[in-house]
Amino acid sequence: MMSKHNYNPMQLRGSLPPQPSTKRFAFNHTGYEPMEETSSIERRDFLKCLGAASAAAVLASCTPRTTAVGPHGVGRVQLVYQDWRTDWFPAMAQHMLEIFHEANPNIRVFYTPDPANLYERMLADFQSGSAPDVLAGCCDFFPSWAQQGYLLDLRPFAEADLDRETLSDWDTAQVQAFFTKDGTQFALPKYHGALALYYNKDLFDAHGVPYPDGGWNHDDYLEAMKRLTHDRDGDGKIDQWGSMLDISWERIQVHVNGWGGHFVDPQDASRSWMARPEALNAMRWIFDRMWEDHFMASLLDVHNLETRQAFIQGYVAMVEDGSWALKDILERADFRIGVAPFPAGPSRKVTLATTDGFGIYAGTRYPEAAWELLKFLVSKEYGRAMAQAHFLQPARISLIEEWITFIQSEYPKQTQDLDLQAFAEGHIEGYSVVAEIFDNMAEARRLAKAAWQRIFTLGRDTVDDMVAVSARIELAQNANH
């Protein structure tokens, strides 16, 4: 159990020995086998029932049937927990919640999947007061919810309950990303998605290109892209590209960081550094690969396929993608797969650590009970379950060896020479970076996304247009003061 012991989110990482799994679950290639009884319910329906009836009526009319009410009857605290809706996740979550219920008989948790159009729908739910008690979030939208006051400050709870061992198990960069400028701690780590370079060994061998390794820089990366870009059917058009990246905030930012730049002034989150030479040079490098020499595929080149699918289907020889894509690639690729650490930039070596975390709605009626659930969600037990179900790279470094074992056990042939440690290298060696966040992230996100679609996806604008976009983003920050 976590206990108070000098809580300090800024302390250095530490590595703990792997802990053996104490529970085994029914598992198949798509996740956990569905359970016969669940507590899943659409959040809006559940909350509607809560507003219209007593707790007893809610249990009778809104929840799935259970085998028994239990000794605590309908007096239990009821929480709504919202998380991913991907095919493998709900059954796993339901199984783990049964374990939580056994240990916490006074708390009943109802799982609900993320809504479609998550960002927009959640803003409406926050504003209407119908948001779930505990929720998962990530990327650039999660801190924007915190900036708008929708997420509970977890720091008082963390100071009371988190020990040094727990803190040292997490990536410092990831933990620090869950603080706002005013010191509010709005989340704790869910998993540690890390960016690496996947490559198709069959294509590398066919074209006589050496495999990437941890010593690669962007010059090596570019040379390999050039040698792996081809017109396979001789129609005068490229149909095999060297590489591809997702055009999104963090995926572009990691290149900018490698050039020694930033999107956001590290000392002042109201100031944009997107128009500084380092940032512009990194974005020009990406643009030139896509629209000048065509060594990197654009979204249009691969018929709007996401990065992992373009790789699986053989359109690209390499792809910048994360450990979250590993299971899909191992399951579906019909070629030999390699993984290498992300190539170093001209200025520094970096890789992305995702900011997927768990938070608590600021308007929850039961913050203490919600905290008990959140502690369970960030526990080794829950992290181990996600690692086993879909190979999610654990947020806790002490679970990495178990994670690797899960992958190798299920895919022994595909992982025979696969360097899975490449995903954990940034965490272990301390060069991970996380999404940089403006004070007014919602507006920065909107402006950048629109500009990048015109520049990188459509090729209609140039990177020089980011100078004006940067100024508009900074103006939007200052409008809040």
# chains A, B, ... in the order shown; residues from 1 in each chain; ligands from 1
>>> residues_around(residues="Ile286 of chain A", least_positions_apart="5", cutoff="9 Å", atoms="only C-alpha atoms", output="number ranges by chain")
A: 245, 252, 255, 281, 291, 296, 456
>>> select_by_dssp(residues="segment 120-277 of chain A", states="strand (DSSP E)", output="list in words")
Val134, Leu135, Ala136, Gly137, Leu188, Pro189, Leu195, Ala196, Leu197, Tyr198, Tyr199, Asn200, Val264, Asp265, Asp268, Ala269, Ser270, Arg271 and Ser272 of chain A
>>> write_last_selection(atoms="C-alpha atoms", output="mmCIF file, in the first residue's frame")
data_model
loop_
_atom_site.group_PDB
_atom_site.id
_atom_site.type_symbol
_atom_site.label_atom_id
_atom_site.label_comp_id
_atom_site.auth_asym_id
_atom_site.auth_seq_id
_atom_site.Cartn_x
_atom_site.Cartn_y
_atom_site.Cartn_z
ATOM 1 C CA VAL A 134 -12.344 9.502 -12.579
ATOM 2 C CA LEU A 135 -11.093 9.709 -16.133
ATOM 3 C CA ALA A 136 -8.133 9.060 -18.399
ATOM 4 C CA GLY A 137 -6.620 11.684 -20.645
ATOM 5 C CA LEU A 188 -0.769 10.533 -12.349
ATOM 6 C CA PRO A 189 0.810 8.276 -15.011
ATOM 7 C CA LEU A 195 8.494 6.795 -29.445
ATOM 8 C CA ALA A 196 10.977 4.673 -31.417
ATOM 9 C CA LEU A 197 11.801 3.815 -35.002
ATOM 10 C CA TYR A 198 10.167 0.691 -36.432
ATOM 11 C CA TYR A 199 11.771 -0.724 -39.557
ATOM 12 C CA ASN A 200 11.057 -3.449 -42.114
ATOM 13 C CA VAL A 264 7.013 26.843 -25.616
ATOM 14 C CA ASP A 265 9.456 29.068 -23.739
ATOM 15 C CA ASP A 268 7.246 31.332 -19.614
ATOM 16 C CA ALA A 269 4.348 29.249 -20.954
ATOM 17 C CA SER A 270 2.719 32.345 -22.450
ATOM 18 C CA ARG A 271 5.566 32.809 -24.951
ATOM 19 C CA SER A 272 5.924 30.901 -28.202
#
>>> closest_atom_pairs(of="segment 345-395 of chain A", to="segment 428-450 of chain A", cutoff="7 Å", atoms="only C-alpha atoms", output="JSON lines")
{"residue": "A:Lys349", "atom": "CA", "partner": "A:Tyr431", "partner_atom": "CA", "distance": 6.8}
{"residue": "A:Val350", "atom": "CA", "partner": "A:Tyr431", "partner_atom": "CA", "distance": 5.3}
{"residue": "A:Thr351", "atom": "CA", "partner": "A:Ser432", "partner_atom": "CA", "distance": 5.0}
{"residue": "A:Leu352", "atom": "CA", "partner": "A:Val433", "partner_atom": "CA", "distance": 5.1}
{"residue": "A:Ala353", "atom": "CA", "partner": "A:Val434", "partner_atom": "CA", "distance": 5.3}
{"residue": "A:Thr354", "atom": "CA", "partner": "A:Val434", "partner_atom": "CA", "distance": 6.2}
{"residue": "A:Thr355", "atom": "CA", "partner": "A:Val434", "partner_atom": "CA", "distance": 6.6}
>>> select_by_dssp(residues="segment 245-448 of chain A", states="alpha helix (DSSP H)", output="PyMOL selection string")
chain A and resi 249-258+277-291+307-312+326-332+367-377+380-390+400-410+421-429+441-448
>>> residues_around(residues="Asp293 of chain A", least_positions_apart="6", cutoff="12 Å", atoms="only C-alpha atoms", output="JSON, numbers by chain")
{"A": [222, 223, 225, 226, 227, 229, 230, 238, 241, 242, 285, 286, 287]}
>>> residues_around(residues="Thr364 of chain A", least_positions_apart="4", cutoff="8 Å", atoms="only C-alpha atoms", output="short mmCIF file (atom, residue, chain, number, x, y, z; two decimals) with N, CA and C atoms, in the first residue's frame")
data_model
loop_
_atom_site.label_atom_id
_atom_site.label_comp_id
_atom_site.auth_asym_id
_atom_site.auth_seq_id
_atom_site.Cartn_x
_atom_site.Cartn_y
_atom_site.Cartn_z
N PRO A 132 -17.40 12.32 -15.70
CA PRO A 132 -17.17 11.18 -14.82
C PRO A 132 -16.30 11.57 -13.63
N ASP A 133 -16.38 10.79 -12.57
CA ASP A 133 -15.59 11.08 -11.37
C ASP A 133 -14.10 10.90 -11.62
N ILE A 360 -9.01 13.19 -11.72
CA ILE A 360 -10.30 13.21 -11.01
C ILE A 360 -11.03 14.50 -11.37
N ALA A 370 -12.77 8.64 -4.98
CA ALA A 370 -12.17 8.73 -6.31
C ALA A 370 -10.65 8.55 -6.22
#
>>> closest_residue(among="A:Gly215, A:Gly357, A:Gly363, A:Gly383", to="Gly129 of chain A", atoms="only C-alpha atoms")
A:Gly363
>>> residues_around(residues="Met244 of chain A", least_positions_apart="4", cutoff="8 Å", atoms="only C-alpha atoms", output="ChimeraX atom specification")
/A:296-298,307,316,318-320
>>> write_last_selection(atoms="N, CA and C atoms", output="tab-separated table (two decimals), in the first residue's frame")
chain	number	residue	atom	x	y	z
A	296	MET	N	9.77	10.89	-47.26
A	296	MET	CA	8.78	10.59	-46.23
A	296	MET	C	7.40	10.69	-46.85
A	297	ALA	N	6.55	9.75	-46.49
A	297	ALA	CA	5.19	9.75	-47.02
A	297	ALA	C	4.34	10.78	-46.29
A	298	SER	N	3.49	11.45	-47.06
A	298	SER	CA	2.46	12.29	-46.46
A	298	SER	C	1.21	11.45	-46.24
A	307	THR	N	-0.12	5.93	-39.30
A	307	THR	CA	1.28	5.55	-39.49
A	307	THR	C	1.49	4.05	-39.39
A	316	VAL	N	5.73	2.09	-46.32
A	316	VAL	CA	6.92	2.76	-45.79
A	316	VAL	C	7.86	1.71	-45.19
A	318	MET	N	10.20	2.48	-42.86
A	318	MET	CA	10.36	2.83	-41.45
A	318	MET	C	9.17	3.67	-41.04
A	319	VAL	N	8.93	3.74	-39.74
A	319	VAL	CA	7.88	4.60	-39.26
A	319	VAL	C	8.21	5.06	-37.84
A	320	GLU	N	7.97	6.32	-37.57
A	320	GLU	CA	8.13	6.86	-36.24
A	320	GLU	C	6.84	6.59	-35.48
>>> atom_distance(atom1="atom CA of Thr457 of chain A", atom2="atom CA of Gly258 of chain A")
21.9 Å
